[in-house]
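Structure first, then comments.
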Amino acid sequence: MPLLVMKFGGTSVADLGRIKNAALKVKREVERGYDVIVIVSAMSGKTNELVGWVEQTSPLFDAREYDAVVSSGENVTAGLMALTLQEMDIPARSWQGWQVPILTTSAHSAARFIDIPRENIDAKFAEGFKVAVVAGFQGVSAEGRITTLGRGGSDTTAVAFAAAFAAERCDIYTDVDGVYTTDPRITSKARKLEKIAFEEMLELASLGAKVLQTRSVELAMRYKVRLRVLSSFEDTDENSGTLVCDEDEIMESKAVSGVAYSRDEAKMTLVKVQDRPGIAAAIFGPLAEAGVNVDMIVQNISELADGGAYTDMTFSCPTNQVMRAQKAMEDARASGAVNYADLVVDTDVAKISVVGIGMRSHAGVAATMFKALAAENINIKVITTSEIKISVLVDRKYMELAVQALHDAFQLEKA
Ligand code: ASP
Ligand code: MG
C-alpha cells in the first residue's frame, strides 16, 4: 500500500468541528487507496495553557514532569481523531509516543529522535487498520520517561515518520495555504510558491517565516522527504499548497525566491579592540558559553593608533540575548581576556534577507538589493552573504519598506 503522512497543526484541530473536517481529508486519502499516518498537534492554545500550569505550580520545574504535562495535549487530539475516523467507518487507532515507541534522547523539552521502529504500526496496517493517529511532539527516553521535542515539534514528528515509513509525501495541514515569497501581511503582492527547495525553506524557516519548525526542514532535507504545506480550511487536491522538495525538482530559475525578515535582532559593536591573533576567539568563545546565538559578524579593517593595531568588531544576536552578551563581554574585559574602548548596543534594528538557490548562478543580486534599498533611502548597517542568501541589518522602522522594496526589485509577484 502506498503511504501518506498527514499532519494537522493546532488550529486545524482546535475544536471537534475542525477535527471532523481534518478527518474528512484523511478519509479522502484512504478512499484513494493510501494507508495514512496522521500526526496531530494539541488543540490550539492547549500547549500554552499546560506550560502555564507547570510554571505556576513549580517555577523551577522538574523537566521530566514538564514533559509529562505538556505532552498531554497531543494525547487528547490523537484519541479524538481516532474516534472521529471510527465514526466514519475508517479502521483507525491512536498511538501515544511511548506506544510506537518513538525513542528519543533524554534531553527533556528538546529531545531528538533516536529511532522509530515500524513493527507495531506495520502490524496494525497488516491487520486491516487504515489509519494510525500518532500524537506529535512527544517520545520516550531510554529511562522510560516521556519527552517532548521543543515547541512546534509536531512538524518534526511528521517528517520523521515520513522518513521511517518511506511515505510518498508528508502533507502539513495548517492555517495558511502555503509558503509565500514574503509575509503577505507586509505586502499584498506576496505570492504563494508552488515549489521551494529544502535549502531555501531552511533559510526562510530560520529567518522567521514561521510555517515549519526549522528542525523538520533539516530532517526532510537529510532524508529527502517531499513536504507539502497546505491549508486545512480549504478544499485541497494533490496540487494545492507549496511543495518543499529537492532542488532538482525545481525548474524555475529566478535568482531570488523569497524575502525574509526578523524583527528581533540587535547589533553590538566592540569599539577599538586590540587586533591580534586570537582576538575573535577571545570574544566569541565567551559569547558561545553564555548561550548567545551570534548571527552576523563584521570585523573592520584595523587601524593603527596609540602604537598598536585596533579594530571594531560588530555582531548581531537576538534582542533578548543582549543582556547576556553584554555581561559576557564585560566579564571578558574585567578578566583581561579582551580589551575594548566601548560597547555600543543598537536594539532598534531588523534583519532583511533575500534567499534563493538561483543566486548561485545569477550575478548582480547584491547590487540589485543594495540599489533597491538606496532608492528608498534606507541605510544598511551590516551586510552578510552566503551561497544562497544576502542579509542586511537596517533600522527597524524601515523593515516593512525594505521588504516591500526588495519584493518589487526582484519581481517576486510574478511567477
Ligand atoms: N503542541 C506543541 C506546540 O504548541 C507542538 C506542536 O504543535 O507542534 O508547540
Ligand atoms: Mg506549528
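Chain labels run A, B, ... following the order of the C-alpha cells; each chain numbers its residues from 1, and ligands are numbered from 1 in the order shown.
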Taking only residues of chain A that have an atom at most 8 Å from an atom of ligand 1, what is each one's shortest atom pair and its distance in Å to one decimal, using only C-alpha atoms and all ligand atoms, in chain and number order, as a tab-separated table?
residue	atom	partner	partner_atom_place_in_ligand_line	distance
A:Gly9	CA	ligand 1	7 (O)	5.7
A:Gly10	CA	ligand 1	7 (O)	5.6
A:Val40	CA	ligand 1	7 (O)	7.6
A:Ser41	CA	ligand 1	7 (O)	4.2
A:Ala42	CA	ligand 1	1 (N)	4.6
A:Met43	CA	ligand 1	1 (N)	7.4
A:Ser44	CA	ligand 1	4 (O)	7.1
A:Gly45	CA	ligand 1	4 (O)	7.3
A:Lys46	CA	ligand 1	1 (N)	7.2
A:Thr47	CA	ligand 1	4 (O)	5.0
A:Asn48	CA	ligand 1	4 (O)	6.8
A:Ser71	CA	ligand 1	1 (N)	7.5
A:Gly73	CA	ligand 1	1 (N)	6.8
A:Glu74	CA	ligand 1	1 (N)	6.6
A:Gly136	CA	ligand 1	5 (C)	6.7
A:Phe137	CA	ligand 1	5 (C)	5.1
A:Leu149	CA	ligand 1	5 (C)	8.0
A:Gly150	CA	ligand 1	9 (O)	6.6
A:Arg151	CA	ligand 1	9 (O)	3.4
A:Gly152	CA	ligand 1	8 (O)	3.2
A:Gly153	CA	ligand 1	8 (O)	4.2
A:Ser154	CA	ligand 1	8 (O)	3.7
A:Asp155	CA	ligand 1	8 (O)	5.7
A:Thr156	CA	ligand 1	8 (O)	7.9
A:Gln213	CA	ligand 1	8 (O)	7.9
Could those residues be written to a file, using all heavy atoms, as a compact mmCIF listing (two decimals), in the first residue's frame?
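Wrote it out as part33.txt, contents follow:
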# COMPACT_ATOMS: atom_id res chain seq x y z
N GLY A 9 -1.94 20.77 12.37
CA GLY A 9 -1.47 21.67 13.42
C GLY A 9 -2.61 22.09 14.35
O GLY A 9 -3.78 21.74 14.12
N GLY A 10 -2.25 22.85 15.38
CA GLY A 10 -3.20 23.20 16.43
C GLY A 10 -4.48 23.86 15.96
O GLY A 10 -5.58 23.51 16.41
N VAL A 40 -0.90 14.51 14.93
CA VAL A 40 -1.68 15.64 15.41
C VAL A 40 -0.93 16.47 16.44
O VAL A 40 -0.16 15.97 17.24
CB VAL A 40 -3.03 15.21 16.04
CG1 VAL A 40 -4.01 14.77 14.96
CG2 VAL A 40 -2.83 14.12 17.08
N SER A 41 -1.22 17.78 16.39
CA SER A 41 -0.79 18.72 17.44
C SER A 41 -1.87 18.75 18.51
O SER A 41 -2.95 18.19 18.33
CB SER A 41 -0.68 20.13 16.87
OG SER A 41 0.48 20.30 16.13
N ALA A 42 -1.58 19.45 19.59
CA ALA A 42 -2.60 19.75 20.58
C ALA A 42 -3.56 20.78 20.00
O ALA A 42 -3.20 21.52 19.09
CB ALA A 42 -1.95 20.29 21.84
N MET A 43 -4.79 20.83 20.51
CA MET A 43 -5.72 21.87 20.09
C MET A 43 -5.07 23.23 20.34
O MET A 43 -4.36 23.39 21.34
CB MET A 43 -7.01 21.77 20.91
CG MET A 43 -7.81 20.52 20.61
SD MET A 43 -9.09 20.30 21.87
CE MET A 43 -10.39 19.51 20.96
N SER A 44 -5.33 24.21 19.47
CA SER A 44 -4.56 25.46 19.58
C SER A 44 -4.76 26.11 20.94
O SER A 44 -5.87 26.11 21.49
CB SER A 44 -4.93 26.42 18.45
OG SER A 44 -6.27 26.79 18.58
N GLY A 45 -3.70 26.61 21.50
CA GLY A 45 -3.74 27.24 22.82
C GLY A 45 -3.51 26.27 23.96
O GLY A 45 -3.16 26.66 25.07
N LYS A 46 -3.70 24.97 23.70
CA LYS A 46 -3.63 23.97 24.77
C LYS A 46 -2.22 23.87 25.36
O LYS A 46 -2.04 23.87 26.58
CB LYS A 46 -4.06 22.60 24.22
CG LYS A 46 -4.35 21.58 25.28
CD LYS A 46 -5.61 21.96 26.01
CE LYS A 46 -5.70 21.41 27.40
NZ LYS A 46 -6.80 22.00 28.17
N THR A 47 -1.24 23.79 24.48
CA THR A 47 0.14 23.61 24.98
C THR A 47 0.54 24.82 25.84
O THR A 47 1.16 24.67 26.89
CB THR A 47 1.11 23.39 23.81
OG1 THR A 47 0.59 22.34 22.99
CG2 THR A 47 2.49 22.98 24.31
N ASN A 48 0.17 26.03 25.38
CA ASN A 48 0.48 27.23 26.18
C ASN A 48 -0.16 27.15 27.56
O ASN A 48 0.45 27.51 28.56
CB ASN A 48 -0.02 28.49 25.48
CG ASN A 48 0.84 28.84 24.28
OD1 ASN A 48 1.98 28.37 24.17
ND2 ASN A 48 0.31 29.65 23.38
N SER A 71 3.09 17.26 27.15
CA SER A 71 2.84 16.34 26.03
C SER A 71 1.38 15.90 25.97
O SER A 71 0.95 15.33 24.97
CB SER A 71 3.72 15.09 26.19
OG SER A 71 3.37 14.41 27.39
N GLY A 73 -1.50 17.37 25.71
CA GLY A 73 -2.44 17.97 24.76
C GLY A 73 -2.59 17.14 23.50
O GLY A 73 -3.69 16.97 22.96
N GLU A 74 -1.48 16.60 23.02
CA GLU A 74 -1.49 15.80 21.80
C GLU A 74 -2.24 14.48 22.01
O GLU A 74 -2.84 13.94 21.09
CB GLU A 74 -0.05 15.52 21.34
CG GLU A 74 0.55 16.59 20.43
CD GLU A 74 0.90 17.90 21.10
OE1 GLU A 74 0.87 17.96 22.35
OE2 GLU A 74 1.19 18.88 20.39
N GLY A 136 1.78 13.96 18.08
CA GLY A 136 3.03 14.63 17.70
C GLY A 136 3.78 15.13 18.92
O GLY A 136 3.29 15.05 20.05
N PHE A 137 5.02 15.62 18.67
CA PHE A 137 5.73 16.43 19.68
C PHE A 137 6.32 15.63 20.83
O PHE A 137 7.02 16.16 21.66
CB PHE A 137 4.71 17.48 20.19
CG PHE A 137 5.11 18.43 21.26
CD1 PHE A 137 6.25 19.22 21.17
CD2 PHE A 137 4.30 18.59 22.38
CE1 PHE A 137 6.57 20.14 22.17
CE2 PHE A 137 4.61 19.50 23.38
CZ PHE A 137 5.75 20.28 23.28
N LEU A 149 9.76 17.45 22.12
CA LEU A 149 10.78 17.81 21.12
C LEU A 149 11.06 19.29 21.04
O LEU A 149 11.85 19.71 20.21
CB LEU A 149 10.29 17.35 19.74
CG LEU A 149 9.89 15.89 19.61
CD1 LEU A 149 9.27 15.68 18.23
CD2 LEU A 149 11.08 15.00 19.80
N GLY A 150 10.41 20.11 21.82
CA GLY A 150 10.53 21.56 21.66
C GLY A 150 9.33 22.08 20.91
O GLY A 150 8.72 21.36 20.10
N ARG A 151 8.98 23.36 21.17
CA ARG A 151 7.75 23.91 20.61
C ARG A 151 7.73 23.80 19.09
O ARG A 151 8.75 23.99 18.43
CB ARG A 151 7.57 25.38 21.06
CG ARG A 151 7.45 25.56 22.57
CD ARG A 151 6.34 24.72 23.20
NE ARG A 151 5.03 24.95 22.64
CZ ARG A 151 4.19 25.89 23.05
NH1 ARG A 151 4.52 26.70 24.05
NH2 ARG A 151 3.00 26.01 22.50
N GLY A 152 6.57 23.48 18.59
CA GLY A 152 6.42 23.30 17.15
C GLY A 152 6.89 21.92 16.69
O GLY A 152 6.98 21.64 15.49
N GLY A 153 7.17 21.04 17.63
CA GLY A 153 7.82 19.76 17.33
C GLY A 153 6.99 18.76 16.54
O GLY A 153 7.53 17.80 15.99
N SER A 154 5.68 18.98 16.44
CA SER A 154 4.87 18.02 15.69
C SER A 154 5.24 17.98 14.21
O SER A 154 5.12 16.93 13.57
CB SER A 154 3.38 18.36 15.81
OG SER A 154 2.98 18.21 17.15
N ASP A 155 5.70 19.10 13.68
CA ASP A 155 6.18 19.10 12.29
C ASP A 155 7.31 18.09 12.15
O ASP A 155 7.38 17.34 11.17
CB ASP A 155 6.75 20.48 11.90
CG ASP A 155 5.69 21.56 11.85
OD1 ASP A 155 4.51 21.22 11.64
OD2 ASP A 155 6.05 22.74 12.01
N THR A 156 8.19 18.10 13.14
CA THR A 156 9.35 17.21 13.08
C THR A 156 8.93 15.76 13.26
O THR A 156 9.46 14.86 12.59
CB THR A 156 10.38 17.65 14.14
OG1 THR A 156 10.65 19.04 13.93
CG2 THR A 156 11.67 16.88 14.02
N GLN A 213 8.63 24.12 11.66
CA GLN A 213 9.75 24.10 12.60
C GLN A 213 11.04 23.83 11.82
O GLN A 213 11.08 22.94 10.97
CB GLN A 213 9.54 23.00 13.66
CG GLN A 213 10.40 23.23 14.89
CD GLN A 213 10.55 21.99 15.76
OE1 GLN A 213 10.59 20.87 15.28
NE2 GLN A 213 10.67 22.21 17.06
Using only C-alpha atoms, which residues sit within 8 Å of Ile90 (chain A) once same-chain residues fewer than 4 positions away are excluded, as an MDAnalysis selection string?
chainID A and resid 27 85:86 129:131
Excluding Met81 (chain A) and residues on its chain fewer than 4 positions from it, collect all residues at most 8 Å away from it, counting only C-alpha atoms, and give them as a PyMOL selection string.
chain A and resi 19-20+23+77+85+94+133
Please produce a file of those selected residues containing C-alpha atoms, as a short mmCIF file (atom, residue, chain, number, x, y, z; two decimals), in the first residue's frame.
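Dumped everything to out_25.cif:
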data_model
loop_
_atom_site.label_atom_id
_atom_site.label_comp_id
_atom_site.auth_asym_id
_atom_site.auth_seq_id
_atom_site.Cartn_x
_atom_site.Cartn_y
_atom_site.Cartn_z
CA ILE A 19 -11.18 17.62 13.90
CA LYS A 20 -14.07 16.31 11.81
CA ALA A 23 -10.78 13.56 9.43
CA THR A 77 -6.36 15.13 19.96
CA LEU A 85 -12.39 8.37 11.99
CA SER A 94 -4.39 6.29 18.30
CA VAL A 133 -3.11 8.51 14.53
#
Which is closest to Lys192 (chain A) among A:Ile283, A:Leu219, A:Ala63, A:Leu243, if we use only C-alpha atoms?
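Between A:Ile283, A:Leu219, A:Ala63, A:Leu243, the residue approaching Lys192 (chain A) most closely is A:Leu243.
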Determine which residues of region 79-316 of chain A receive a DSSP assignment of strand (DSSP E), computed from the backbone, and state them as a VMD selection string.
chain A and resid 92 to 95 103 to 104 113 to 115 131 to 135 138 to 140 146 to 148 169 to 174 195 to 197 227 to 231 242 to 245 258 to 274 297 to 299 303 to 305 308 to 316
